[in-house]
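As structure tokens, the structure follows; a few thoughts come after it.
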Amino acid sequence: MNFKELSTKVWFWAALFAIWNVFMYYFIGKFWIGGSSFLPLIGFKVEKFLIPLTINLGLITGAFISAVVSKEFFIRKLNKETLIRAVIGGFLMGIGFTLAPGTCTTPFVTGMPMLGVNSFLSALGIIIGAYIGYKIVMRKG
Amino acid sequence: MAVVEANLVLAFVFGIVFGVIAQRMSFCLSTDLAQAFAGNYRRILTWFAIIFIITGLGFQFLGLKAVGQLRGYGVYNILSGIFFGLGIMISGGCVIGTLRRIGEGFLHAIVVFLAWLPGAALTIYFLNEVLKPTYHIPTKTPLLGDLLGVDNMIVYGVLAIILAIVLYWSNKKR
């Protein structure tokens, strides 16, 4: 299997993500966290979340570089309905990921592999909430 | 100070690689959960199983600390999850998915990102104060094995084997 074929496999990128996460912890003592990393933007615990924030700014940059290189970068405009959904959904996400630390994408990529009880509970809540959201979105078409 | 600056540079570089991986993988918990609800669960199962097994091994051998140990665990974990789960389905992207899409040029992802901030501020500066009495703060990191009274390595091993079997079975079925 050459790299081109390999790069189409989800398991390959998932393995890289996990290895990189562990590798990062080994070198800088931090693993990837999600929403909480943006709390410095509202003036909360700036020093504590400065490195996670920097990691995620790097993530945006990396996605940009990758999208440009693979010719997948386009400015996608948004319509009124998408705008409303983005505001409501984003607001709910903001409440969710600060109400309990580690509630976002983190339980699935960092928390549960670490056997954090809070992550298993958060993941359960996320699946329940996502299912309700899925039903609402599907009903609206 | 120099150490902090060096770590910030390293953190940015680590982040760039995460961004490339997320972009190439089209990572998005929201999309993959929606697919799972529609009956196609193979993709989410694949990446979750792989990440669980590899990161878990790293945790066991390097002694990583579990996330979210500040407030321990409780009903508010489920409650916060419900808010977050609803949010990702309505907005159309999880945290990694939204950040990735910002890099890919999606304007709606920038709006989602900006909308996180008032939601987070509401919790930090108002809801947290109200809910503070309900937070259970343990003295020890709450891990599943501790709760079950079983060695964490055994719990990890059993879960990893179950995931590996389910993954193998779903591939074979395909």
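Residues in the structure tokens are numbered from 1 in each chain, the chains being A, B, ... in the order shown, and ligands are numbered from 1 in the order shown.
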Mind dumping a table of every region 7-124 of chain A residue within 12 Å of region 140-163 of chain B, with the nearest atom pair and its distance in Å to one decimal, using only C-alpha atoms, sorted by chain and rising number, as CSV?
residue,atom,partner,partner_atom,distance
A:Gly111,CA,B:Leu143,CA,9.8
A:Met112,CA,B:Leu144,CA,9.2
A:Pro113,CA,B:Tyr156,CA,7.7
A:Met114,CA,B:Leu143,CA,7.7
A:Leu115,CA,B:Leu143,CA,5.3
A:Gly116,CA,B:Leu143,CA,4.6
A:Val117,CA,B:Leu144,CA,5.2
A:Asn118,CA,B:Pro142,CA,7.4
A:Ser119,CA,B:Leu143,CA,9.4
A:Phe120,CA,B:Leu144,CA,8.6
A:Leu121,CA,B:Leu144,CA,10.7
Using only C-alpha atoms and a distance of at most 6 Å, pull out the residues of chain B that contact chain A, as a PyMOL selection string. chain B and resi 8+11-12+15-16+18-20+23+25+47+50-52+54-56+58-59+66-68+73+77-78+80-87+89-91+95+99-100+103-108+112+115-116+119-120+123+142-144
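Taking CA of Ala109 (chain B) and CA of Ala121 (chain B) as the two end points, the separation is 19.1 Å.
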